[in-house]
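> First the structure, which I've put down as structure tokens, then a few questions once you've had a look.
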Amino acid sequence: MPALVQPSDTGDPLGPLPQEFAAIMRPELPSLIKEIGVEVTRAYPEYARLLNGPNGQAIRVGVEQSLSSFVDLVAEPTASTSLRDDMCRRFGRFEAYEGRTMETLQGAYRLGARIALRRAKKVGKSYNFSPTLMLSFADALFAYIDELESLSREGFLEVQSQSGEQSEAMRRRLLHLILAGRPAPRTAIAELCEQTGWALPEQVTLVAVRPPATLDRSVVDRDILADLSDPQPHLLIPGPFDEARGRMLDEALLGAHAAIGLTVPTALASDSIRWARRVLELVDTQVIDDAPVVLCEDHLTTLWLLSDPALVDQLAQRELAPIAGISTTRRERLVETLRIWLDTRGTAAHMGELLDVHPQTVRYRMRNLESIFGRQLTDPQSRFSTEAVLRALQLRSRSEEPTP
């Protein structure tokens with residue numbers, strides 16, 4: 001193997017390493033990056049979770065940038081480090097957003113340096129590196145790691161210097177932009193995600209909260225966006241609403257009642273909150289039974305049938321036109337019998353039990369209905385429209401019933 005030029009005693013921090021050293025190190029980078037990733041995630045499991053999350057790719061790019069920049073500086077000491085510097089500051093900001101100290105990140109940096117030094121010793125045997133050169137490499141490497149740590153600390157302290165109110169205001173602004181609907185101001189959202197350390201998810205679940213509402217910040221998940229100062233308080237949950245989120249919400253909302261919207265693509269977040277708020281309205285009018293937490297997914301048909309009251313009125317006039325001229329009492333009896341028949345397709349005896357009348361009375365009413373509606377009860381499309389109208393009217397009638 002050729003002998004490598006020995007380091008001089010002058011120059012900047014990476015100056016003592018001969019430029020030829022970069023050509024030897026560069027082919028090692030891909031496998032070294034993988035090795036560092038395995039060792040770091042094994043020593044710090046929290047980073048394994050992050051690498052598999054929405055920020056995973058950015059973290060991998062940052063690690064690659066940091067290692068590549070070291071080699072670039074060996075080859076050309078005046079090479080720009082702006083990308084590396086920005087990435088290191090981002091790492092520091094992210095640690096602060098996650099509520100960790102700098103110790104974990106510093107440990108990961110130091111572990112990566114030890115792995116790189118171990119690789120250099122292995123490669124050095126093939127190239128007959130002198131002890132002096134290896135010592136210079138170690139000094140340069142750990143000086144470089146000190147620089148990375150310093151840059152990350154800048155980002156960490158930047159976040160810590162922000163007041164809690166300022167940070168919360170930015171998160172509320174982010175929530176409002178997400179709910180603004182399409183076309184979403186993507187640049188503004190991306191900037192706020194960067195400033196708040198919030199990863200934009202592919203799906204979200206919106207939560208409508210009945211006012212007045214307060215939130216226990218000590219138990220709420222850190223990735224929840226919230227605006228409880230709004231006249232219609234609401235939260236945004238990244239991803240689906242599962243049992244763990246449910247337990248957290250029960251504790252964090254301090255007894256306030258809430259409606260959970262559907263999980264939708266982030267671009268459709270405004271639909272999720274609209275449905276959740278509509279469910280709360282239907283709870284308030286007693287159409288839907290009240291509960292501490294009500295799931296929209298349990299009431300989709302109700303939401304659909306009552307989505308346009310004026311249209312329901314028009315449809316009711318058309319579908320129930322054949323009995324419009326009948327006296328109110330008789331009309332109500334026929335409508336109730338028709339609704340039970342459409343719901344159950346039951347026998348006269350079964351329907352009689354539900355209506356609390358004699359089976360013969362049911363048969364008499366059904367003959368009247370068949371005579372009055374005719375083909376409307378046999379044609380599938382017409383029968384579906386009639387059934388939808390009757391279900392909507394029944395749901396609506398619940399809000400008109402006197403409170404016990």
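Within each chain, counting starts at residue 1; across the structure tokens, chains are named A, B, ... in the order shown, with ligands numbered 1 upward in that order.
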Env of region 379-389 of chain A: 9 Å cut, atoms = only C-alpha atoms, seq-sep filter 5 positions within chain, self excluded. Answer as a list of chain:residue names.
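Here the answer would be A:Leu305, A:Val312, A:Asp313, A:Leu315, A:Ala316, A:Glu319, A:Leu320, A:Leu338, A:Arg339, A:Leu342, A:Asp343, A:Gln394.
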> Would you mind exporting N, CA and C atoms of the selected residues as a compact mmCIF listing (two decimals), in the first residue's frame?

```
# COMPACT_ATOMS: atom_id res chain seq x y z
N LEU A 305 -78.50 12.14 6.72
CA LEU A 305 -79.92 12.41 6.58
C LEU A 305 -80.30 13.81 7.02
N VAL A 312 -84.56 18.03 2.97
CA VAL A 312 -85.41 16.98 3.54
C VAL A 312 -86.88 17.40 3.46
N ASP A 313 -87.16 18.67 3.75
CA ASP A 313 -88.55 19.16 3.66
C ASP A 313 -89.08 19.00 2.24
N LEU A 315 -88.04 16.91 -0.08
CA LEU A 315 -88.17 15.50 -0.39
C LEU A 315 -89.39 14.91 0.30
N ALA A 316 -89.66 15.35 1.52
CA ALA A 316 -90.83 14.85 2.26
C ALA A 316 -92.12 15.25 1.57
N GLU A 319 -92.35 12.83 -1.49
CA GLU A 319 -92.56 11.41 -1.21
C GLU A 319 -93.87 11.15 -0.46
N LEU A 320 -94.30 12.08 0.36
CA LEU A 320 -95.52 11.88 1.16
C LEU A 320 -96.71 12.63 0.58
N LEU A 338 -96.09 2.67 7.96
CA LEU A 338 -95.21 2.58 6.79
C LEU A 338 -93.75 2.55 7.23
N ARG A 339 -93.39 3.36 8.21
CA ARG A 339 -92.01 3.40 8.67
C ARG A 339 -91.61 2.06 9.29
N LEU A 342 -91.14 -0.48 6.49
CA LEU A 342 -89.89 -0.26 5.77
C LEU A 342 -88.68 -0.68 6.62
N ASP A 343 -88.79 -0.48 7.93
CA ASP A 343 -87.68 -0.83 8.81
C ASP A 343 -87.54 -2.34 8.98
N GLN A 394 -88.06 11.11 11.48
CA GLN A 394 -88.06 10.52 12.81
C GLN A 394 -86.92 11.07 13.66
```
> From a backbone DSSP assignment, name each residue in region 73-314 of chain A labelled strand (DSSP E), as a PyMOL selection string.
chain A and resi 203-209+225-227+234-238+258-265+293-295
> Which distance in Å separates CA of Ser270 (chain A) and CA of Ala258 (chain A), to one decimal?
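Distance between the two atoms: 16.5 Å.
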> Given the choices A:Leu215, A:Ile323, A:Val159, A:Ala43, which gets closest to Gly107 (chain A) if the distance is worked out from only C-alpha atoms?
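Smallest separation from Gly107 (chain A) among the options: A:Ala43.
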> Write out as JSON, numbers by chain the set of residues from region 37-194 of chain A that DSSP, computed on the backbone, places in helix (DSSP H, G or I).
{"A": [37, 38, 39, 40, 41, 42, 43, 45, 46, 47, 48, 49, 50, 51, 56, 57, 58, 59, 60, 61, 62, 63, 64, 65, 66, 67, 68, 69, 70, 71, 72, 73, 74, 75, 82, 83, 84, 85, 86, 87, 88, 89, 90, 91, 92, 93, 94, 95, 96, 97, 103, 104, 105, 106, 107, 108, 109, 110, 111, 112, 113, 114, 115, 116, 117, 118, 119, 120, 121, 122, 123, 124, 125, 126, 127, 131, 132, 133, 134, 135, 136, 137, 138, 139, 140, 141, 142, 143, 144, 145, 146, 147, 148, 149, 150, 151, 152, 153, 154, 155, 156, 157, 158, 159, 160, 161, 164, 165, 166, 167, 168, 169, 170, 171, 172, 173, 174, 175, 176, 177, 178, 186, 187, 188, 189, 190, 191, 192, 193, 194]}
> Enter the distance from CA of Gln19 (chain A) to CA of Ser126 (chain A), in Å, rounded to one decimal.
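CA of Ser126 (chain A) lies at a distance of 17.8 Å from CA of Gln19 (chain A).
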> Interatomic distance between CA of Cys193 (chain A) and CA of Met170 (chain A)?
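Computing it gives 9.1 Å between the two atoms.
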> What's around region 217-229 of chain A at 10 Å? Count only C-alpha atoms, leave out sequence neighbours fewer than 5 positions away in its own chain, and write the answer as number ranges by chain.
A: 97-99, 168-169, 171-176, 197-200, 206-212, 234-238, 245, 248-253
> Quick one: write out the picked residues with C-alpha atoms as a CSV table (one decimal), in the first residue's frame?

```
chain,number,residue,atom,x,y,z
A,97,TYR,CA,-39.5,20.4,20.9
A,98,GLU,CA,-39.4,16.8,22.0
A,99,GLY,CA,-38.8,17.9,25.6
A,168,GLU,CA,-48.4,28.1,21.5
A,169,ALA,CA,-49.6,31.0,19.3
A,171,ARG,CA,-49.1,26.1,16.9
A,172,ARG,CA,-52.6,27.7,16.9
A,173,ARG,CA,-51.8,29.6,13.7
A,174,LEU,CA,-50.6,26.3,12.2
A,175,LEU,CA,-53.9,24.6,13.2
A,176,HIS,CA,-55.9,27.5,11.6
A,197,GLY,CA,-41.1,21.2,15.3
A,198,TRP,CA,-44.4,19.7,14.3
A,199,ALA,CA,-44.3,17.0,11.6
A,200,LEU,CA,-47.2,17.4,9.1
A,206,LEU,CA,-60.3,16.7,14.4
A,207,VAL,CA,-62.1,17.0,17.7
A,208,ALA,CA,-64.9,19.4,18.5
A,209,VAL,CA,-65.1,20.3,22.2
A,210,ARG,CA,-68.2,21.8,23.9
A,211,PRO,CA,-67.3,25.1,25.6
A,212,PRO,CA,-66.2,26.2,28.0
A,234,HIS,CA,-61.2,22.2,18.8
A,235,LEU,CA,-58.2,19.9,18.7
A,236,LEU,CA,-56.2,18.2,15.9
A,237,ILE,CA,-54.9,14.7,16.5
A,238,PRO,CA,-52.3,13.5,14.0
A,245,ARG,CA,-55.7,8.8,22.3
A,248,MET,CA,-55.4,10.7,27.0
A,249,LEU,CA,-58.3,12.9,25.9
A,250,ASP,CA,-60.5,11.8,28.7
A,251,GLU,CA,-57.9,12.9,31.2
A,252,ALA,CA,-56.8,16.0,29.4
A,253,LEU,CA,-60.2,17.6,28.8
```
> Can you work out which one of A:Ala113, A:Val335, A:Leu254, A:Val40 has the shortest atom-to-atom distance to Pro292 (chain A), counting only C-alpha atoms?
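Smallest separation from Pro292 (chain A) among the options: A:Leu254.
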